[in-house]
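Q: My questions will all concern the structure given below.
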Amino acid sequence: ERRLLVMKGAPERILALCSHIMVDGEPQELDEEYRKKYHKAYKTLGSYGERVLGMANYYFPKDKYGPDFEFDCEKMGLNKKPLKCLTFVGLTALIDPPREGVPEAVHKCKTAGIKVIMVTGDHPITAKAIAQKVGIITGPTVEDVAKDQKIPVSQVNRDDVKAIVLNGQSISELETTEEWDFILDHDEVVFA
């Protein structure tokens with residue numbers, strides 16, 4: 001009989017609206033330990049190249065939001081100040097394979113000397129996995145080299161890096177021609 005708000009979307013955006021997480025059917029405070037578990041699960045699912053969605057909910061208090069309550073996001077201020085009290089319910093992954101023929105088309109382009117650049121709205125982890133599946137990324141990224149050599153990213157020799165995956169925030173921070181040249185000088189580029 002209580003009103004329930006249900007939300008789905010980009011996991012990192014959904015998580016940012018949550019103060020709790022559902023554990024064994026009970027909401028628990030969303031602490032650093034649960035955030036680490038979330039990031040590990042998200043990274044695992046995304047690395048398979050699957051589309052990952054986050055889900056959350058919120059039960060409105062029955063006494064204030066009864067059956068006759070008329071919801072108006074504008075009057076309630078929800079359009080200006082989003083809720084930060086949701087309960088993170090979980091992640092779901094959808095298999096959304098690349099279209100048939102994409103790997104062959106990428107291979108033909110590369111063989112003809114055409115540089116293929118991927119632009120997607122996917123999370124960088126998912127974008128990288130998909131780019132690897134279709135042959136857009138065949139070489140290591142700076143993160144791959146750092147992991148293999150067990151060194152910080154800042155110590156990686158950039159000559160060892162063939163591919164780059166850049167997220168939207170990083171793209172918006174590029175200001176100079178030199179910065180863009182550095183990105184586009186990579187053999188394999190993904191904007192995610």
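Residue numbers start at 1 in each chain; chains themselves are named A, B, ... in the order of the structure tokens; ligands are numbered from 1 in the order shown.
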Report as a Markdown table the residues of range 103-125 of chain A within 9 Å of range 44-61 of chain A, each with its shortest atom pair and distance in Å (one decimal), using only C-alpha atoms, ordered by chain and increasing residue number.
A:
| residue | atom | partner | partner_atom | distance |
| --- | --- | --- | --- | --- |
| A:Asp122 | CA | A:Arg51 | CA | 7.5 |
| A:His123 | CA | A:Gly46 | CA | 7.7 |
| A:Pro124 | CA | A:Gly46 | CA | 8.4 |
| A:Ile125 | CA | A:Gly46 | CA | 5.4 |
Q: Print the selection's residues with C-alpha atoms to a file, as a PDB file, in the first residue's frame.
A:
ATOM      1  CA  ASP A 122      28.754   3.219 -22.905  1.00  0.00           C
ATOM      2  CA  HIS A 123      30.822   3.218 -19.742  1.00  0.00           C
ATOM      3  CA  PRO A 124      34.555   3.071 -20.582  1.00  0.00           C
ATOM      4  CA  ILE A 125      34.889  -0.481 -19.196  1.00  0.00           C
TER       5      ILE A 125
END
Q: Name all residues at most 10 Å from Glu188 in chain A (count only C-alpha atoms; drop same-chain ones fewer than 5 positions away) and give them as a VMD selection string.
A: chain A and resid 115 to 118 131 135 to 141 161 to 165 183
Q: Using the selection just defined, write its residues with all heavy atoms as a CSV table (one decimal), in the first residue's frame.
A:
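Okay, this is what ended up in again38.csv:
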chain,number,residue,atom,x,y,z
A,115,LYS,N,41.8,4.7,-40.1
A,115,LYS,CA,41.8,4.6,-38.6
A,115,LYS,C,40.4,4.6,-38.1
A,115,LYS,O,39.6,5.6,-38.4
A,115,LYS,CB,42.6,5.8,-38.0
A,115,LYS,CG,42.7,5.8,-36.5
A,115,LYS,CD,43.6,7.0,-36.1
A,115,LYS,CE,43.9,7.0,-34.6
A,115,LYS,NZ,44.8,8.0,-34.3
A,116,VAL,N,40.0,3.6,-37.4
A,116,VAL,CA,38.7,3.5,-36.9
A,116,VAL,C,38.6,4.0,-35.5
A,116,VAL,O,39.4,3.5,-34.6
A,116,VAL,CB,38.2,2.0,-36.9
A,116,VAL,CG1,36.8,1.9,-36.3
A,116,VAL,CG2,38.2,1.5,-38.3
A,117,ILE,N,37.8,5.0,-35.2
A,117,ILE,CA,37.6,5.6,-33.9
A,117,ILE,C,36.2,5.3,-33.4
A,117,ILE,O,35.2,5.5,-34.2
A,117,ILE,CB,37.9,7.1,-33.9
A,117,ILE,CG1,39.3,7.4,-34.2
A,117,ILE,CG2,37.5,7.7,-32.5
A,117,ILE,CD1,39.7,8.8,-34.4
A,118,MET,N,36.1,4.7,-32.2
A,118,MET,CA,34.7,4.4,-31.7
A,118,MET,C,34.3,5.5,-30.8
A,118,MET,O,35.0,6.0,-29.9
A,118,MET,CB,34.9,3.1,-30.9
A,118,MET,CG,33.6,2.6,-30.3
A,118,MET,SD,33.9,0.9,-29.6
A,118,MET,CE,32.5,0.8,-28.4
A,131,ALA,N,35.0,-2.7,-28.0
A,131,ALA,CA,36.1,-2.4,-29.0
A,131,ALA,C,37.0,-3.5,-29.2
A,131,ALA,O,37.5,-3.8,-30.3
A,131,ALA,CB,36.8,-1.1,-28.5
A,135,GLY,N,37.6,-5.6,-32.7
A,135,GLY,CA,38.9,-5.4,-33.3
A,135,GLY,C,39.3,-3.9,-33.4
A,135,GLY,O,40.3,-3.6,-34.0
A,136,ILE,N,38.6,-3.0,-32.8
A,136,ILE,CA,39.0,-1.6,-32.8
A,136,ILE,C,40.2,-1.5,-31.8
A,136,ILE,O,41.1,-0.7,-32.1
A,136,ILE,CB,37.8,-0.7,-32.4
A,136,ILE,CG1,36.8,-0.7,-33.5
A,136,ILE,CG2,38.3,0.7,-32.1
A,136,ILE,CD1,35.5,0.0,-33.1
A,137,ILE,N,40.2,-2.2,-30.7
A,137,ILE,CA,41.3,-2.2,-29.8
A,137,ILE,C,41.9,-3.6,-29.9
A,137,ILE,O,41.3,-4.6,-29.6
A,137,ILE,CB,40.9,-1.9,-28.4
A,137,ILE,CG1,40.5,-0.4,-28.2
A,137,ILE,CG2,42.0,-2.2,-27.4
A,137,ILE,CD1,40.1,0.0,-26.8
A,138,THR,N,43.2,-3.6,-30.2
A,138,THR,CA,44.0,-4.8,-30.3
A,138,THR,C,45.2,-4.7,-29.4
A,138,THR,O,45.8,-5.7,-29.1
A,138,THR,CB,44.4,-5.2,-31.7
A,138,THR,OG1,45.2,-4.1,-32.2
A,138,THR,CG2,43.2,-5.4,-32.6
A,139,GLY,N,45.6,-3.5,-29.0
A,139,GLY,CA,46.8,-3.3,-28.2
A,139,GLY,C,46.5,-2.8,-26.8
A,139,GLY,O,45.3,-2.6,-26.5
A,140,PRO,N,47.5,-2.7,-26.0
A,140,PRO,CA,47.3,-2.3,-24.6
A,140,PRO,C,47.0,-0.8,-24.4
A,140,PRO,O,47.4,0.0,-25.2
A,140,PRO,CB,48.6,-2.7,-24.0
A,140,PRO,CG,49.6,-2.5,-25.1
A,140,PRO,CD,48.9,-2.9,-26.3
A,141,THR,N,46.2,-0.6,-23.4
A,141,THR,CA,45.9,0.8,-23.0
A,141,THR,C,47.0,1.1,-21.9
A,141,THR,O,47.6,0.2,-21.4
A,141,THR,CB,44.5,1.0,-22.4
A,141,THR,OG1,44.4,0.2,-21.2
A,141,THR,CG2,43.4,0.7,-23.4
A,161,VAL,N,52.1,2.1,-25.2
A,161,VAL,CA,50.7,2.2,-25.2
A,161,VAL,C,50.2,2.4,-26.7
A,161,VAL,O,50.5,3.4,-27.3
A,161,VAL,CB,50.2,3.4,-24.3
A,161,VAL,CG1,48.7,3.5,-24.4
A,161,VAL,CG2,50.6,3.2,-22.9
A,162,LYS,N,49.3,1.5,-27.1
A,162,LYS,CA,48.8,1.6,-28.5
A,162,LYS,C,47.4,2.1,-28.5
A,162,LYS,O,47.0,2.8,-29.5
A,162,LYS,CB,48.8,0.2,-29.1
A,162,LYS,CG,48.4,0.1,-30.5
A,162,LYS,CD,48.5,-1.3,-31.1
A,162,LYS,CE,48.1,-1.4,-32.5
A,162,LYS,NZ,48.1,-2.7,-33.1
A,163,ALA,N,46.6,1.9,-27.5
A,163,ALA,CA,45.2,2.2,-27.5
A,163,ALA,C,44.9,3.1,-26.3
A,163,ALA,O,45.5,3.1,-25.3
A,163,ALA,CB,44.4,1.0,-27.4
A,164,ILE,N,43.8,3.9,-26.5
A,164,ILE,CA,43.3,4.8,-25.4
A,164,ILE,C,41.8,4.7,-25.4
A,164,ILE,O,41.1,4.7,-26.4
A,164,ILE,CB,43.8,6.2,-25.6
A,164,ILE,CG1,43.5,7.0,-24.3
A,164,ILE,CG2,43.3,6.9,-26.8
A,164,ILE,CD1,44.3,8.3,-24.2
A,165,VAL,N,41.2,4.7,-24.2
A,165,VAL,CA,39.8,4.8,-24.0
A,165,VAL,C,39.6,6.0,-23.1
A,165,VAL,O,40.1,6.1,-22.0
A,165,VAL,CB,39.2,3.6,-23.3
A,165,VAL,CG1,37.7,3.7,-23.0
A,165,VAL,CG2,39.5,2.3,-24.1
A,183,ILE,N,46.0,12.4,-27.9
A,183,ILE,CA,45.0,11.4,-27.9
A,183,ILE,C,44.9,10.7,-29.3
A,183,ILE,O,44.9,9.5,-29.4
A,183,ILE,CB,43.6,12.0,-27.5
A,183,ILE,CG1,43.6,12.6,-26.1
A,183,ILE,CG2,42.5,11.0,-27.7
A,183,ILE,CD1,44.0,11.7,-25.0
Q: Point out the residue among A:Asp144, A:Pro152, A:Tyr42, A:Phe182 with the least atom-to-atom distance to Ala93 in chain A, counting only C-alpha atoms.
A: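 Counting only C-alpha atoms, the residue closest to Ala93 in chain A is A:Tyr42.
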Q: List every residue of range 32-173 of chain A that DSSP, applied to the backbone, labels as helix (DSSP H, G or I), and write the result as a ChimeraX atom specification.
A: /A:32-47,73-76,102-111,124-134,142-149,153-155,158-160,168-172
Q: Taking the DSSP assignment computed from this structure's backbone, write out as a compact mmCIF listing (two decimals) with N, CA and C atoms, in the first residue's frame all residues of range 13-161 of chain A that belong to strand (DSSP E).
A:
# COMPACT_ATOMS: atom_id res chain seq x y z
N CYS A 18 21.96 7.31 -4.04
CA CYS A 18 21.61 6.34 -2.99
C CYS A 18 22.35 6.61 -1.68
N SER A 19 21.63 6.39 -0.59
CA SER A 19 22.22 6.43 0.74
C SER A 19 22.24 5.03 1.37
N HIS A 20 21.49 4.10 0.74
CA HIS A 20 21.39 2.74 1.27
C HIS A 20 21.56 1.74 0.13
N ILE A 21 21.78 0.49 0.51
CA ILE A 21 21.90 -0.60 -0.44
C ILE A 21 21.11 -1.80 0.10
N MET A 22 20.42 -2.50 -0.78
CA MET A 22 19.63 -3.66 -0.38
C MET A 22 20.54 -4.87 -0.21
N VAL A 23 20.53 -5.46 0.98
CA VAL A 23 21.34 -6.63 1.28
C VAL A 23 20.43 -7.67 1.93
N GLU A 26 17.07 -6.40 2.97
CA GLU A 26 16.99 -5.31 3.95
C GLU A 26 17.92 -4.17 3.55
N PRO A 27 17.42 -2.91 3.64
CA PRO A 27 18.29 -1.78 3.33
C PRO A 27 19.38 -1.60 4.39
N GLN A 28 20.60 -1.45 3.93
CA GLN A 28 21.74 -1.19 4.81
C GLN A 28 22.37 0.13 4.38
N GLU A 29 23.07 0.77 5.29
CA GLU A 29 23.75 2.02 4.94
C GLU A 29 24.78 1.73 3.87
N ARG A 51 25.94 -4.42 -21.43
CA ARG A 51 25.34 -3.15 -21.02
C ARG A 51 24.91 -3.32 -19.57
N VAL A 52 25.38 -2.47 -18.71
CA VAL A 52 25.09 -2.60 -17.29
C VAL A 52 24.18 -1.46 -16.86
N LEU A 53 23.11 -1.81 -16.15
CA LEU A 53 22.18 -0.83 -15.61
C LEU A 53 22.15 -0.97 -14.09
N GLY A 54 22.02 0.18 -13.42
CA GLY A 54 21.83 0.18 -11.98
C GLY A 54 20.36 0.38 -11.68
N MET A 55 19.91 -0.17 -10.57
CA MET A 55 18.50 -0.03 -10.18
C MET A 55 18.43 0.38 -8.71
N ALA A 56 17.45 1.25 -8.42
CA ALA A 56 17.26 1.72 -7.05
C ALA A 56 15.77 1.92 -6.81
N ASN A 57 15.42 2.01 -5.54
CA ASN A 57 14.03 2.31 -5.21
C ASN A 57 13.94 3.18 -3.97
N TYR A 58 12.74 3.66 -3.72
CA TYR A 58 12.47 4.47 -2.53
C TYR A 58 11.00 4.32 -2.18
N TYR A 59 10.73 3.92 -0.96
CA TYR A 59 9.35 3.84 -0.48
C TYR A 59 9.01 5.18 0.17
N LEU A 86 17.77 7.22 -2.05
CA LEU A 86 17.32 5.96 -2.65
C LEU A 86 18.08 4.78 -2.07
N THR A 87 17.54 3.60 -2.29
CA THR A 87 18.20 2.35 -1.90
C THR A 87 18.66 1.65 -3.17
N PHE A 88 19.95 1.43 -3.27
CA PHE A 88 20.51 0.73 -4.43
C PHE A 88 20.08 -0.73 -4.35
N VAL A 89 19.41 -1.21 -5.40
CA VAL A 89 18.85 -2.56 -5.40
C VAL A 89 19.77 -3.55 -6.11
N GLY A 90 20.48 -3.09 -7.14
CA GLY A 90 21.38 -4.01 -7.81
C GLY A 90 21.75 -3.59 -9.21
N LEU A 91 22.52 -4.44 -9.84
CA LEU A 91 22.96 -4.24 -11.22
C LEU A 91 22.33 -5.33 -12.08
N THR A 92 22.08 -4.98 -13.30
CA THR A 92 21.66 -5.98 -14.27
C THR A 92 22.49 -5.77 -15.52
N ALA A 93 22.82 -6.86 -16.17
CA ALA A 93 23.64 -6.79 -17.38
C ALA A 93 22.85 -7.36 -18.54
N LEU A 94 22.90 -6.66 -19.65
CA LEU A 94 22.21 -7.08 -20.86
C LEU A 94 23.23 -7.41 -21.93
N ILE A 117 37.78 4.99 -35.21
CA ILE A 117 37.61 5.56 -33.88
C ILE A 117 36.18 5.26 -33.43
N MET A 118 36.06 4.74 -32.24
CA MET A 118 34.75 4.39 -31.69
C MET A 118 34.26 5.51 -30.78
N VAL A 119 33.02 5.92 -30.96
CA VAL A 119 32.38 6.92 -30.09
C VAL A 119 31.10 6.27 -29.56
Q: Residues near Ile171 in chain A, anyone? I mean within 10 Å using only C-alpha atoms, not counting same-chain ones fewer than 3 positions away, as an NGL selection string.
A: :A and (166-168 or 174-175 or 179-180 or 183 or 191-192)
Q: Please produce a file of the residues just selected, as a PDB file, in the first residue's frame, where the atoms kept are all heavy atoms.
A:
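Resulting contents of selection25.pdb:
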ATOM      1  N   LEU A 166      38.879   7.005 -23.620  1.00  0.00           N
ATOM      2  CA  LEU A 166      38.697   8.283 -22.928  1.00  0.00           C
ATOM      3  C   LEU A 166      37.233   8.457 -22.562  1.00  0.00           C
ATOM      4  O   LEU A 166      36.357   8.333 -23.421  1.00  0.00           O
ATOM      5  CB  LEU A 166      39.135   9.411 -23.870  1.00  0.00           C
ATOM      6  CG  LEU A 166      39.782  10.627 -23.250  1.00  0.00           C
ATOM      7  CD1 LEU A 166      41.026  10.255 -22.472  1.00  0.00           C
ATOM      8  CD2 LEU A 166      40.107  11.640 -24.306  1.00  0.00           C
ATOM      9  N   ASN A 167      36.966   8.757 -21.287  1.00  0.00           N
ATOM     10  CA  ASN A 167      35.582   8.979 -20.883  1.00  0.00           C
ATOM     11  C   ASN A 167      35.144  10.414 -21.163  1.00  0.00           C
ATOM     12  O   ASN A 167      35.965  11.280 -21.466  1.00  0.00           O
ATOM     13  CB  ASN A 167      35.371   8.603 -19.408  1.00  0.00           C
ATOM     14  CG  ASN A 167      36.088   9.532 -18.454  1.00  0.00           C
ATOM     15  OD1 ASN A 167      36.351  10.690 -18.741  1.00  0.00           O
ATOM     16  ND2 ASN A 167      36.411   9.023 -17.283  1.00  0.00           N
ATOM     17  N   GLY A 168      33.861  10.648 -21.061  1.00  0.00           N
ATOM     18  CA  GLY A 168      33.293  11.955 -21.391  1.00  0.00           C
ATOM     19  C   GLY A 168      33.888  13.099 -20.604  1.00  0.00           C
ATOM     20  O   GLY A 168      34.150  14.178 -21.142  1.00  0.00           O
ATOM     21  N   LEU A 174      39.774  18.379 -22.373  1.00  0.00           N
ATOM     22  CA  LEU A 174      40.805  18.627 -23.388  1.00  0.00           C
ATOM     23  C   LEU A 174      40.648  20.042 -23.925  1.00  0.00           C
ATOM     24  O   LEU A 174      39.586  20.403 -24.420  1.00  0.00           O
ATOM     25  CB  LEU A 174      40.694  17.616 -24.533  1.00  0.00           C
ATOM     26  CG  LEU A 174      40.937  16.151 -24.174  1.00  0.00           C
ATOM     27  CD1 LEU A 174      40.651  15.262 -25.367  1.00  0.00           C
ATOM     28  CD2 LEU A 174      42.355  15.940 -23.676  1.00  0.00           C
ATOM     29  N   GLU A 175      41.705  20.831 -23.822  1.00  0.00           N
ATOM     30  CA  GLU A 175      41.599  22.239 -24.218  1.00  0.00           C
ATOM     31  C   GLU A 175      42.528  22.630 -25.359  1.00  0.00           C
ATOM     32  O   GLU A 175      42.204  23.495 -26.152  1.00  0.00           O
ATOM     33  CB  GLU A 175      41.880  23.134 -23.005  1.00  0.00           C
ATOM     34  CG  GLU A 175      40.843  22.986 -21.910  1.00  0.00           C
ATOM     35  CD  GLU A 175      41.146  23.844 -20.693  1.00  0.00           C
ATOM     36  OE1 GLU A 175      42.215  24.478 -20.657  1.00  0.00           O
ATOM     37  OE2 GLU A 175      40.297  23.882 -19.792  1.00  0.00           O
ATOM     38  N   GLU A 179      46.896  18.524 -26.640  1.00  0.00           N
ATOM     39  CA  GLU A 179      46.208  17.464 -25.897  1.00  0.00           C
ATOM     40  C   GLU A 179      45.423  16.562 -26.853  1.00  0.00           C
ATOM     41  O   GLU A 179      45.460  15.340 -26.736  1.00  0.00           O
ATOM     42  CB  GLU A 179      45.267  18.062 -24.850  1.00  0.00           C
ATOM     43  CG  GLU A 179      45.999  18.731 -23.690  1.00  0.00           C
ATOM     44  CD  GLU A 179      45.063  19.495 -22.770  1.00  0.00           C
ATOM     45  OE1 GLU A 179      44.125  20.158 -23.263  1.00  0.00           O
ATOM     46  OE2 GLU A 179      45.268  19.420 -21.553  1.00  0.00           O
ATOM     47  N   TRP A 180      44.730  17.188 -27.807  1.00  0.00           N
ATOM     48  CA  TRP A 180      43.983  16.399 -28.796  1.00  0.00           C
ATOM     49  C   TRP A 180      44.928  15.582 -29.666  1.00  0.00           C
ATOM     50  O   TRP A 180      44.659  14.421 -29.968  1.00  0.00           O
ATOM     51  CB  TRP A 180      43.107  17.309 -29.667  1.00  0.00           C
ATOM     52  CG  TRP A 180      41.814  17.632 -29.011  1.00  0.00           C
ATOM     53  CD1 TRP A 180      41.459  18.783 -28.372  1.00  0.00           C
ATOM     54  CD2 TRP A 180      40.678  16.762 -28.902  1.00  0.00           C
ATOM     55  NE1 TRP A 180      40.183  18.691 -27.873  1.00  0.00           N
ATOM     56  CE2 TRP A 180      39.673  17.458 -28.198  1.00  0.00           C
ATOM     57  CE3 TRP A 180      40.409  15.472 -29.330  1.00  0.00           C
ATOM     58  CZ2 TRP A 180      38.435  16.907 -27.900  1.00  0.00           C
ATOM     59  CZ3 TRP A 180      39.166  14.920 -29.041  1.00  0.00           C
ATOM     60  CH2 TRP A 180      38.197  15.633 -28.341  1.00  0.00           C
ATOM     61  N   ILE A 183      46.009  12.439 -27.869  1.00  0.00           N
ATOM     62  CA  ILE A 183      44.958  11.407 -27.881  1.00  0.00           C
ATOM     63  C   ILE A 183      44.892  10.745 -29.254  1.00  0.00           C
ATOM     64  O   ILE A 183      44.912   9.519 -29.385  1.00  0.00           O
ATOM     65  CB  ILE A 183      43.583  12.016 -27.530  1.00  0.00           C
ATOM     66  CG1 ILE A 183      43.599  12.640 -26.139  1.00  0.00           C
ATOM     67  CG2 ILE A 183      42.467  10.985 -27.673  1.00  0.00           C
ATOM     68  CD1 ILE A 183      43.979  11.735 -25.012  1.00  0.00           C
ATOM     69  N   PHE A 191      36.190   6.821 -27.608  1.00  0.00           N
ATOM     70  CA  PHE A 191      35.600   7.869 -26.782  1.00  0.00           C
ATOM     71  C   PHE A 191      34.341   7.279 -26.163  1.00  0.00           C
ATOM     72  O   PHE A 191      33.415   6.890 -26.872  1.00  0.00           O
ATOM     73  CB  PHE A 191      35.244   9.098 -27.624  1.00  0.00           C
ATOM     74  CG  PHE A 191      36.445   9.807 -28.184  1.00  0.00           C
ATOM     75  CD1 PHE A 191      36.628   9.876 -29.573  1.00  0.00           C
ATOM     76  CD2 PHE A 191      37.385  10.395 -27.374  1.00  0.00           C
ATOM     77  CE1 PHE A 191      37.719  10.540 -30.103  1.00  0.00           C
ATOM     78  CE2 PHE A 191      38.483  11.056 -27.896  1.00  0.00           C
ATOM     79  CZ  PHE A 191      38.657  11.119 -29.279  1.00  0.00           C
ATOM     80  N   ALA A 192      34.316   7.213 -24.843  1.00  0.00           N
ATOM     81  CA  ALA A 192      33.176   6.600 -24.144  1.00  0.00           C
ATOM     82  C   ALA A 192      32.564   7.569 -23.142  1.00  0.00           C
ATOM     83  O   ALA A 192      33.238   8.358 -22.535  1.00  0.00           O
ATOM     84  CB  ALA A 192      33.616   5.333 -23.443  1.00  0.00           C
TER      85      ALA A 192
END
Q: Between CA of Gly25 in chain A and CA of Gly77 in chain A, what is the distance in Å, rounded to a tenth?
A: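 Rounded to one decimal, the two atoms are 29.7 Å apart.
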